[in-house]
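Enquirer: Structure in structure tokens, see below.
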Amino acid sequence: MSDELGTGAENTWCPGCGNFGILNSVKNTVKELEERGIEREKLLISAGIGCHAKIFDYLNLSGLYSIHGREIATIQGMKFANPELTVIGFGGDGDAYGEGLSHLVFAAKRNADITMIVHNNGNYALTTGQMSPTSVEGFKGPSTPKGSIEEPINPLMMMLSSGASFVARGYPGKMKHLTELIVEAVEHEGFSLVDVLQPCVTFNDTYEKYNESVEIIEEPAETRFEAMELAVEEDRVPIGVLFKEERDVYHEKIYPEFNPVKDKINKEERLKRVEELLDGSE
Amino acid sequence: MDRFTYIVGGKAGEGVKKAGSAAANLFRKMGRKTFEMDDYQSLIRGGHNFSVVSSSTGDIYSHYMKADLVVNIDDRSYEIHKEHLKDKGLMIYNSGDTEDGEGIGIPINDLSKEYSKSDLIKGVAGIAVLSYVIGMSKDELKKVIEKEYSRGVEENLSFAEKIYDSAEEKIDQKFELDEGEHDLPVLSGNQSLSLGATAAGLDMYIGYPMTPASSILHFFAANKDHLKVMPVHPENEIGVANMAVGATMSGARVMVGSSGGGIALMEEAMSLAGMSESPVLFVLASRPGPSTGVPTYTEQADLKFALNQGHGDFPMIVASPGSIKEAFYLAGEMLNMVWKYQTPGILLTEKHLSESSMTVDLNPSKVEWASPKEFEGEGYKRYEVTEDGVSPLKFPPSEDVIKWNSYESDEKGITTEDPEVITEMHDKRRTKAETIMYDLKEVNTVNEFGEDGPVIFTYGSTTMSVREALKVGDIEAKVVQPVYLRPFPIWDMEEYMDEDVIVVEQSSTGQFATLLREKCRIVPKTVIRKYDGRPFEPKELAEKLKEAIR
């Protein structure tokens with residue numbers, strides 16, 4: 001199959017992995033975004049480290065393959081330097097909710113204009129299935145052979161209480177819906193997070209559980225608190241945009257109309273301004 | 001009178017630092033050259049802070065700890081600085097806090113009581129007394145206050161006048177200072193390096209507060225609209241360094257900074273920058289370590305740490321300025337270096353250089369504009385193997401796909417585990433390291449001061465102390481200061497290999513001396529070390545040097 005969004009790199013995800021659905025959704029997202037006027041050349045991606053991150057090698061898009069949890073900081077740097085770019089970060093639950101947690105919370109807090117897609121599979125798959133921040137209590141892995149003794153964190157609650165201006169949950173089993181979510185997240189001006197319930201067929205197969213329990217919600221909650229109520233539901237698992245609000249974005253608050261890379265002041269003017277500071281220095 | 005030293009001391013929150021910087025500006029206006037060292041503690045109120053300002057009509061590279069005039073705002077200051085008064089010096093104490101002091105008591109407490117900021121305003125007394133004893137008129141003092149203390153200027157003027165009157169009534173001694181011929185800006189090391197990087201085309205400064213690097217962040221935050229260098233203060237140093245890596249991919253010239261502990265947190269990203277070939281300039285402003293150490297004081301114990309940053313093999317450039325003036329040019333040069341070679345670089349400095357201030361003569365147009373080798377043509381490959389190991393850059397938006405990678409990757413930036421490609425890419429980075437070394441031979445990598453006499457090796461801020469010590473001690477010697485520390489300029493060292501050299505540094509274990517031994521078999525005869533957090537005092541150092549030379 002000819003695939004202009006692929007790179008030809010050999011795909012090494014396990015057959016049936018939820019990541020395939022995410023990869024396809026992202027490819028469809030890119031096409032949809034192009035139709036909506038967001039050029040592919042202006043898209044930049046980054047990824048953490050883990051099974052999810054292999055998506056970086058499988059997508060023929062520009063970007064930087066970052067390190068564990070730091071992709072959240074990487075894409076903010078890309079965006080602040082040149083706000084005309086659209087940036088998307090891929091993280092695992094270990095990346096975004098563990099190692100890179102502080103970056104995620106602060107990106108939400110400052111409303112950085114970025115999109116994070118978290119492949120939440122409830123374990124550290126690439127390192128052979130240890131427990132992760134979202135592993136359920138009792139989860140058995142090589143570091144918890146008798147079952148995890150910790151409670152999982154609820155990433156959507158955490159994001160909602162961190163001030164995230166766009167919080168969504170998707171499921172690769174509902175690929176069309178997931179694509180719509182990612183498109184909306186990317187188009188959202190400000191911080192957006194899509195937590196994707198990614199079944200891991202080898203270490204944490206959740207297909208059956210989620211096929212039975214996910215339920216698409218058509219409209220976001222009216223308030224942050226109502227969104228929190230959706231986020232903690234357990235019998236049914238609501239997917240869709242849980243919360244969305246308009247808020248000023250970080251880089252525009254620093255420079256409302258200045259792009260550090262594109263509008264860079266030329267050498268002559270820069271030197272003049274340095275001289276001015278030297279003359280005025282007291 | 002040529003050289004003149006003024007000390008002002010008091011509690012934090014009594015305007016001591018301002019009384020120091022205002023004095024430095026006052027001497028500058030007299031055409032003199034100045035050096036100011038602020039000694040302050042890691043606290044916001046109380047404790048003991050002082051500023052020393054030495055000035056001269058000629059070059060001056062250090063403060064002196066024997067003062068002609070000491071103004072003490074509290075009793076603790078008076079007790080501490082008794083030993084810092086010159087033989088014929090003038091000691092001013094606060095008669096509201098010190099009873100039966102030796103010297104002249106000025107009722108600073110009584111006179112400041114009526115003002116809204118009765119503590120903070122006390123520092124103005126330092127300037128008012130100084131103005132009087134160097135023969136300035138009340139009108140001239142008024143101008144100084146209006147300029148230096150513009151916030152709440154009415155109260156400041158009123159208080160300054162009262163102190164001046166009291167000084168006039170009580171003080172007989174005056175100092176006649178020679179006017180100089182200079183009109184030079186007074187800059188701190190951090191301001192100087194910030195401006196140097198700015199002149200080289202810096203686009204962003206990303207930092208998390210940590211003394212003594214915080215004032216770089218403050219500088220860019222205060223000047224963001226004028227200089228258009230974007231200041232970012234993220235959640236932690238890990239965020240700092242990784243944002244920087246991301247920003248370089250978008251094409252921004254980025255500098256980050258911290259002290260040892262913060263750089264330790266950035267080390268993961270330093271290695272990422274090495275692998276992904278991201279041109280990030282790191283400023284490491286040292287304080288005494290290990291760990292939290294002594295936050296607001298100085299030491300040179302991060303040399304080995306700076307030289308050995310990052311896991312894995314990758315090229316890195318480390319350089320350290322030997323004066324506040326050199327900090328300006330070297331910051332610009334280092335920004336050029338990291339962009340030319342697409343690899344991380346560290347500008348290593350210490351609190352003594354970062355936060356001391358002096359008059360500097362700068363020419364910004366001498367700084368080169370940092371520009372990378374950019375790709376032209378078709379079939380872009382981010383990590384294209386080239387003769388010199390440097391792959392041309394291309395920035396988004398671009399029709400070509402540009403992939404930077406933390407994993408080992410092929411030329412296109414796609415992750416690899418192929419043994420041949422791994423070898424090829426290692427060779428590419430090693431070639432780049434060789435290119436850097438080769439090119440550095442054309443760069444001024446070592447400063448030398450003086451021609452004859454015994455050889456003294458030093459580096460960083462200690463260079464300033466050594467130069468002043470030689471001057472005041474009238475010692476003939478040749479000072480050798482390596483500016484670049486990695487790659488270490490061994491090609492310039494041959495002539496010293498069998499020499500009896502003296503090493504001066506501020507580390508307890510002699511890290512610099514060890515480096516000289518390891519890199520170029522220079523075995524120091526004497527290593528003069530100081531590791532009490534305070535910079536060398538020129539006269540004391542001169543004595544030590546004389547002893548070593550004898």
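In the structure tokens, the first chain shown is A, the next is B, and so on; residue numbers restart at 1 for each chain, and ligands run from 1 in the order shown.
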Distance table requested - range 278-377 of chain B against range 36-43 of chain B, cut-off 9 Å, only C-alpha atoms: one row per qualifying residue with the closest atom pair and its distance in Å to one decimal, ordered by chain and rising residue number, as JSON lines.

Expert:
{"residue": "B:Val294", "atom": "CA", "partner": "B:Ser42", "partner_atom": "CA", "distance": 8.2}
{"residue": "B:Pro295", "atom": "CA", "partner": "B:Ser42", "partner_atom": "CA", "distance": 6.4}
{"residue": "B:Thr296", "atom": "CA", "partner": "B:Gln41", "partner_atom": "CA", "distance": 6.0}
{"residue": "B:Tyr297", "atom": "CA", "partner": "B:Asp39", "partner_atom": "CA", "distance": 7.5}
{"residue": "B:His352", "atom": "CA", "partner": "B:Met37", "partner_atom": "CA", "distance": 7.5}
{"residue": "B:Glu355", "atom": "CA", "partner": "B:Asp38", "partner_atom": "CA", "distance": 7.3}
{"residue": "B:Ser356", "atom": "CA", "partner": "B:Met37", "partner_atom": "CA", "distance": 4.7}
{"residue": "B:Ser357", "atom": "CA", "partner": "B:Glu36", "partner_atom": "CA", "distance": 5.0}
{"residue": "B:Met358", "atom": "CA", "partner": "B:Glu36", "partner_atom": "CA", "distance": 6.1}

Enquirer: Save the residues we just selected, N, CA and C atoms, as a short mmCIF file (atom, residue, chain, number, x, y, z; two decimals), in the first residue's frame?

Expert:
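Dumped to again_36.cif:
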data_model
loop_
_atom_site.label_atom_id
_atom_site.label_comp_id
_atom_site.auth_asym_id
_atom_site.auth_seq_id
_atom_site.Cartn_x
_atom_site.Cartn_y
_atom_site.Cartn_z
N VAL B 294 26.96 26.79 49.21
CA VAL B 294 26.83 28.14 49.76
C VAL B 294 26.32 29.03 48.63
N PRO B 295 25.01 29.21 48.56
CA PRO B 295 24.38 29.73 47.34
C PRO B 295 24.90 31.06 46.81
N THR B 296 25.24 32.00 47.70
CA THR B 296 25.53 33.34 47.19
C THR B 296 27.02 33.66 47.19
N TYR B 297 27.86 32.63 47.26
CA TYR B 297 29.31 32.88 47.28
C TYR B 297 29.99 32.21 46.10
N HIS B 352 31.75 35.13 41.41
CA HIS B 352 32.58 36.33 41.48
C HIS B 352 32.57 37.11 40.17
N GLU B 355 28.35 38.11 39.28
CA GLU B 355 27.63 39.11 40.07
C GLU B 355 28.48 40.29 40.51
N SER B 356 29.76 40.28 40.20
CA SER B 356 30.53 41.50 40.45
C SER B 356 30.32 42.41 39.25
N SER B 357 30.57 43.70 39.46
CA SER B 357 30.36 44.66 38.37
C SER B 357 31.62 45.47 38.15
N MET B 358 31.87 45.81 36.93
CA MET B 358 32.99 46.72 36.67
C MET B 358 32.76 47.55 35.42
#

Enquirer: Dump as number ranges by chain the residues of chain B that approach chain A to within 6 Å, counting only C-alpha atoms.

Expert: B: 25, 185, 199, 203, 239, 242-244, 246-247, 250, 252, 397-399, 401-406, 414

Enquirer: Taking only C-alpha atoms into account, name the residue in A:Ile149, A:Cys200, A:Leu193, A:Leu126 that is nearest to Cys17 in chain A.

Expert: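 Smallest distance to Cys17 in chain A is found for A:Cys200.
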
Enquirer: Using backbone DSSP assignments, extract all strand (DSSP E) residues from range 216-322 of chain B; output them as a list in words.

Expert: Met230, Pro231, Val232, Val254, Met255, Val256, Gly257, Ser258, Val280, Leu281, Phe282, Val283, Leu284, Ala285, Ser286, Ile317, Val318 and Ala319 of chain B

Enquirer: Take the residues from that selection and write them out as a short mmCIF file (atom, residue, chain, number, x, y, z; two decimals), in the first residue's frame, keeping C-alpha atoms.

Expert:
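So the final result, stored in result05.cif, reads:
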data_model
loop_
_atom_site.label_atom_id
_atom_site.label_comp_id
_atom_site.auth_asym_id
_atom_site.auth_seq_id
_atom_site.Cartn_x
_atom_site.Cartn_y
_atom_site.Cartn_z
CA MET B 230 12.09 35.95 24.59
CA PRO B 231 12.44 35.17 28.30
CA VAL B 232 10.88 31.90 29.49
CA VAL B 254 18.80 29.78 22.63
CA MET B 255 20.76 30.19 25.84
CA VAL B 256 19.93 28.62 29.20
CA GLY B 257 21.59 29.10 32.54
CA SER B 258 21.84 27.85 36.09
CA VAL B 280 22.15 24.95 22.94
CA LEU B 281 24.39 27.30 24.91
CA PHE B 282 24.43 26.56 28.65
CA VAL B 283 25.70 29.06 31.20
CA LEU B 284 27.03 27.41 34.34
CA ALA B 285 27.51 30.02 37.06
CA SER B 286 29.25 28.27 39.94
CA ILE B 317 32.72 22.99 23.89
CA VAL B 318 33.50 24.52 27.28
CA ALA B 319 34.97 27.98 27.74
#

Enquirer: Any chance you could list, as a PyMOL selection string, the residues in range 141-377 of chain B that come up alpha helix (DSSP H) when DSSP is run on the backbone?

Expert: chain B and resi 141-148+153-170+189-199+214-222+224-227+237-249+260-276+303-307+324-341+351-354

Enquirer: Restrict the selected residues to C-alpha atoms and save them as an mmCIF file, in the first residue's frame.

Expert:
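Saved to selection.cif:
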data_model
loop_
_atom_site.group_PDB
_atom_site.id
_atom_site.type_symbol
_atom_site.label_atom_id
_atom_site.label_comp_id
_atom_site.auth_asym_id
_atom_site.auth_seq_id
_atom_site.Cartn_x
_atom_site.Cartn_y
_atom_site.Cartn_z
ATOM 1 C CA LEU B 141 24.324 64.765 45.624
ATOM 2 C CA LYS B 142 20.780 65.772 44.724
ATOM 3 C CA LYS B 143 21.418 64.835 41.107
ATOM 4 C CA VAL B 144 22.832 61.477 42.109
ATOM 5 C CA ILE B 145 19.841 60.698 44.307
ATOM 6 C CA GLU B 146 17.385 61.737 41.617
ATOM 7 C CA LYS B 147 19.036 59.373 39.201
ATOM 8 C CA GLU B 148 19.774 56.427 41.461
ATOM 9 C CA VAL B 153 12.588 60.325 45.345
ATOM 10 C CA GLU B 154 11.180 63.012 47.664
ATOM 11 C CA GLU B 155 11.848 61.021 50.804
ATOM 12 C CA ASN B 156 15.221 59.893 49.530
ATOM 13 C CA LEU B 157 16.271 63.452 48.810
ATOM 14 C CA SER B 158 15.122 64.665 52.186
ATOM 15 C CA PHE B 159 16.943 61.862 54.016
ATOM 16 C CA ALA B 160 20.105 62.259 51.945
ATOM 17 C CA GLU B 161 20.208 65.935 52.795
ATOM 18 C CA LYS B 162 19.896 65.252 56.524
ATOM 19 C CA ILE B 163 22.738 62.726 56.407
ATOM 20 C CA TYR B 164 24.849 65.146 54.376
ATOM 21 C CA ASP B 165 24.271 67.881 56.960
ATOM 22 C CA SER B 166 25.140 65.538 59.785
ATOM 23 C CA ALA B 167 28.306 64.463 57.951
ATOM 24 C CA GLU B 168 29.266 68.081 57.375
ATOM 25 C CA GLU B 169 28.877 68.791 61.062
ATOM 26 C CA LYS B 170 30.831 65.787 62.311
ATOM 27 C CA GLY B 189 29.290 39.664 34.485
ATOM 28 C CA ASN B 190 25.792 38.302 33.948
ATOM 29 C CA GLN B 191 24.687 41.488 32.199
ATOM 30 C CA SER B 192 27.812 41.419 30.101
ATOM 31 C CA LEU B 193 27.433 37.834 28.917
ATOM 32 C CA SER B 194 23.715 38.399 28.288
ATOM 33 C CA LEU B 195 24.439 41.399 26.092
ATOM 34 C CA GLY B 196 27.214 39.547 24.274
ATOM 35 C CA ALA B 197 24.899 36.662 23.409
ATOM 36 C CA THR B 198 22.248 39.176 22.378
ATOM 37 C CA ALA B 199 24.680 40.889 20.035
ATOM 38 C CA SER B 214 19.144 34.151 38.222
ATOM 39 C CA SER B 215 20.109 37.673 37.281
ATOM 40 C CA ILE B 216 20.509 36.544 33.646
ATOM 41 C CA LEU B 217 16.820 35.598 33.609
ATOM 42 C CA HIS B 218 15.960 38.880 35.316
ATOM 43 C CA PHE B 219 17.949 40.806 32.731
ATOM 44 C CA PHE B 220 16.128 39.272 29.784
ATOM 45 C CA ALA B 221 12.743 39.571 31.499
ATOM 46 C CA ALA B 222 13.361 43.283 32.158
ATOM 47 C CA LYS B 224 12.229 41.624 26.628
ATOM 48 C CA ASP B 225 10.521 44.366 24.654
ATOM 49 C CA HIS B 226 13.660 46.304 23.907
ATOM 50 C CA LEU B 227 15.912 43.415 22.908
ATOM 51 C CA GLU B 237 15.635 23.007 34.832
ATOM 52 C CA ILE B 238 14.683 19.823 32.996
ATOM 53 C CA GLY B 239 11.910 21.755 31.303
ATOM 54 C CA VAL B 240 14.365 24.575 30.624
ATOM 55 C CA ALA B 241 16.901 22.476 28.754
ATOM 56 C CA ASN B 242 14.373 20.421 26.815
ATOM 57 C CA MET B 243 12.445 23.489 25.720
ATOM 58 C CA ALA B 244 15.757 24.859 24.533
ATOM 59 C CA VAL B 245 16.425 21.783 22.426
ATOM 60 C CA GLY B 246 12.958 22.058 20.870
ATOM 61 C CA ALA B 247 13.408 25.757 20.188
ATOM 62 C CA THR B 248 16.672 25.183 18.335
ATOM 63 C CA MET B 249 14.860 22.855 15.960
ATOM 64 C CA GLY B 260 25.645 23.470 39.469
ATOM 65 C CA GLY B 261 22.494 21.863 40.854
ATOM 66 C CA GLY B 262 20.365 23.128 38.002
ATOM 67 C CA ILE B 263 22.881 22.112 35.366
ATOM 68 C CA ALA B 264 22.922 18.642 36.948
ATOM 69 C CA LEU B 265 19.210 18.451 36.170
ATOM 70 C CA MET B 266 19.871 19.615 32.614
ATOM 71 C CA GLU B 267 22.513 16.979 32.018
ATOM 72 C CA GLU B 268 20.029 14.536 30.486
ATOM 73 C CA ALA B 269 19.146 17.166 27.894
ATOM 74 C CA MET B 270 22.827 18.000 27.394
ATOM 75 C CA SER B 271 23.309 14.450 26.152
ATOM 76 C CA LEU B 272 20.152 14.759 24.045
ATOM 77 C CA ALA B 273 21.615 17.912 22.513
ATOM 78 C CA GLY B 274 24.799 15.985 21.764
ATOM 79 C CA MET B 275 22.941 13.185 20.014
ATOM 80 C CA SER B 276 20.289 15.252 18.242
ATOM 81 C CA LEU B 303 35.273 22.501 36.377
ATOM 82 C CA LYS B 304 35.341 18.706 36.160
ATOM 83 C CA PHE B 305 31.549 18.656 36.217
ATOM 84 C CA ALA B 306 31.385 21.038 33.263
ATOM 85 C CA LEU B 307 34.024 19.171 31.287
ATOM 86 C CA ILE B 324 33.625 40.782 32.718
ATOM 87 C CA LYS B 325 34.657 42.237 29.387
ATOM 88 C CA GLU B 326 35.655 38.847 28.044
ATOM 89 C CA ALA B 327 32.287 37.445 29.206
ATOM 90 C CA PHE B 328 30.643 39.700 26.617
ATOM 91 C CA TYR B 329 32.718 38.559 23.658
ATOM 92 C CA LEU B 330 32.987 34.938 24.723
ATOM 93 C CA ALA B 331 29.213 34.547 25.143
ATOM 94 C CA GLY B 332 28.824 35.814 21.582
ATOM 95 C CA GLU B 333 31.611 33.580 20.342
ATOM 96 C CA MET B 334 30.174 30.529 22.118
ATOM 97 C CA LEU B 335 26.746 31.123 20.594
ATOM 98 C CA ASN B 336 28.495 31.127 17.238
ATOM 99 C CA MET B 337 30.413 27.980 18.131
ATOM 100 C CA VAL B 338 27.386 25.917 19.123
ATOM 101 C CA TRP B 339 25.586 26.912 15.944
ATOM 102 C CA LYS B 340 28.569 26.359 13.743
ATOM 103 C CA TYR B 341 29.070 22.847 15.084
ATOM 104 C CA LYS B 351 29.582 34.016 41.219
ATOM 105 C CA HIS B 352 32.584 36.332 41.484
ATOM 106 C CA LEU B 353 32.382 37.141 37.775
ATOM 107 C CA SER B 354 28.614 36.733 37.309
#

Enquirer: Using only C-alpha atoms, determine which residues lie at most 12 Å from Pro15 in chain A, disregarding the query and same-chain residues fewer than 5 positions distant; provide the list as number ranges by chain.

Expert: A: 20-21, 199-202

Enquirer: With only C-alpha atoms as the counted atoms, please give the residues lying no more than 12 Å from Ala24 in chain B, apart from itself and same-chain residues fewer than 6 positions off, as a VMD selection string.

Expert: (chain A and resid 281 to 282) or (chain B and resid 4 to 8 17 to 18 30 to 38 51 to 56 63 127 130 144 148 184 to 188 356 to 359)

Enquirer: Keeping C-alpha atoms, export the residues of the selection given above as a PDB file, in the first residue's frame.

Expert:
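See part-v8.pdb below for the written result:
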ATOM      1  CA  SER A 281      23.687  51.379  31.864  1.00  0.00           C
ATOM      2  CA  GLU A 282      24.294  52.829  35.250  1.00  0.00           C
TER       3      GLU A 282
ATOM      4  CA  PHE B   4      39.939  54.476  46.581  1.00  0.00           C
ATOM      5  CA  THR B   5      37.881  51.785  48.277  1.00  0.00           C
ATOM      6  CA  TYR B   6      34.478  52.171  49.847  1.00  0.00           C
ATOM      7  CA  ILE B   7      32.627  49.556  51.871  1.00  0.00           C
ATOM      8  CA  VAL B   8      29.004  49.836  52.844  1.00  0.00           C
ATOM      9  CA  LYS B  17      23.525  46.579  47.441  1.00  0.00           C
ATOM     10  CA  LYS B  18      22.000  49.698  45.959  1.00  0.00           C
ATOM     11  CA  MET B  30      34.156  60.895  37.659  1.00  0.00           C
ATOM     12  CA  GLY B  31      35.784  59.143  34.726  1.00  0.00           C
ATOM     13  CA  ARG B  32      37.220  56.454  36.974  1.00  0.00           C
ATOM     14  CA  LYS B  33      37.279  52.707  36.515  1.00  0.00           C
ATOM     15  CA  THR B  34      35.517  50.679  39.169  1.00  0.00           C
ATOM     16  CA  PHE B  35      35.159  47.163  40.480  1.00  0.00           C
ATOM     17  CA  GLU B  36      32.275  46.271  42.761  1.00  0.00           C
ATOM     18  CA  MET B  37      31.874  43.045  44.704  1.00  0.00           C
ATOM     19  CA  ASP B  38      28.638  42.344  46.539  1.00  0.00           C
ATOM     20  CA  SER B  51      29.322  45.894  49.012  1.00  0.00           C
ATOM     21  CA  VAL B  52      32.917  46.833  48.284  1.00  0.00           C
ATOM     22  CA  VAL B  53      33.622  49.313  45.542  1.00  0.00           C
ATOM     23  CA  SER B  54      37.206  49.974  44.545  1.00  0.00           C
ATOM     24  CA  SER B  55      37.955  52.532  41.897  1.00  0.00           C
ATOM     25  CA  SER B  56      40.967  53.978  40.169  1.00  0.00           C
ATOM     26  CA  HIS B  63      37.923  45.009  44.793  1.00  0.00           C
ATOM     27  CA  ILE B 127      25.867  57.540  49.275  1.00  0.00           C
ATOM     28  CA  LEU B 130      30.461  59.200  50.415  1.00  0.00           C
ATOM     29  CA  VAL B 144      22.832  61.477  42.109  1.00  0.00           C
ATOM     30  CA  GLU B 148      19.774  56.427  41.461  1.00  0.00           C
ATOM     31  CA  LEU B 184      32.470  53.460  30.553  1.00  0.00           C
ATOM     32  CA  PRO B 185      29.347  51.515  31.353  1.00  0.00           C
ATOM     33  CA  VAL B 186      29.287  49.531  34.581  1.00  0.00           C
ATOM     34  CA  LEU B 187      28.143  45.964  33.965  1.00  0.00           C
ATOM     35  CA  SER B 188      27.871  42.823  36.015  1.00  0.00           C
ATOM     36  CA  SER B 356      30.535  41.498  40.452  1.00  0.00           C
ATOM     37  CA  SER B 357      30.363  44.662  38.375  1.00  0.00           C
ATOM     38  CA  MET B 358      32.991  46.718  36.671  1.00  0.00           C
ATOM     39  CA  THR B 359      33.483  49.411  34.069  1.00  0.00           C
TER      40      THR B 359
END

Enquirer: Which residues are near Glu246 in chain A? Cut-off 10 Å, only C-alpha atoms, ignore same chain within fewer than 3 positions. Put them as a PyMOL selection string.

Expert: chain A and resi 111+165-166+188-190+249

Enquirer: Hey, what's within 12 Å of Glu212 in chain A if we count only C-alpha atoms and toss same-chain stuff fewer than 6 positions away? As a count of residues only, please?

Expert: 8

Enquirer: When you count only C-alpha atoms, which of these residues is closest to Tyr210 in chain A: A:Thr223, A:Gln130, A:Ser143, A:Gln198?

Expert: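 Nearest to Tyr210 in chain A: A:Gln198.
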
Enquirer: Skip Asp195 in chain A itself and residues of its chain fewer than 6 positions away, then list as a CSV table (one decimal) with C-alpha atoms, in the first residue's frame all residues within 8 Å of it, counting only C-alpha atoms.

Expert:
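Saved the output as part.csv:
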chain,number,residue,atom,x,y,z
A,117,ILE,CA,-1.7,12.7,22.7
A,118,VAL,CA,-1.2,10.2,25.4
A,119,HIS,CA,-1.1,6.5,24.5
A,120,ASN,CA,-2.4,5.4,27.8
A,155,PRO,CA,-5.0,11.8,34.4
A,156,LEU,CA,-8.1,13.7,33.3
A,167,VAL,CA,-9.4,17.7,27.9
A,168,ALA,CA,-10.5,14.7,25.8
A,169,ARG,CA,-10.5,11.0,26.0
A,170,GLY,CA,-10.5,8.7,23.0

Enquirer: Identify which of the residues B:Glu543, B:Glu451, B:Asp110, B:Glu387 lies closest to Asn94 in chain B, counting only C-alpha atoms when measuring atom-to-atom distances.

Expert: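 Going through B:Glu543, B:Glu451, B:Asp110, B:Glu387 one by one, the smallest distance to Asn94 in chain B is for B:Asp110.
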
Enquirer: Tell me which of A:Glu257, A:Ser135, A:Val194, A:Gly163 sits closest to Glu150 in chain A, counting only C-alpha atoms.

Expert: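 Distance minimum relative to Glu150 in chain A lands on A:Ser135.
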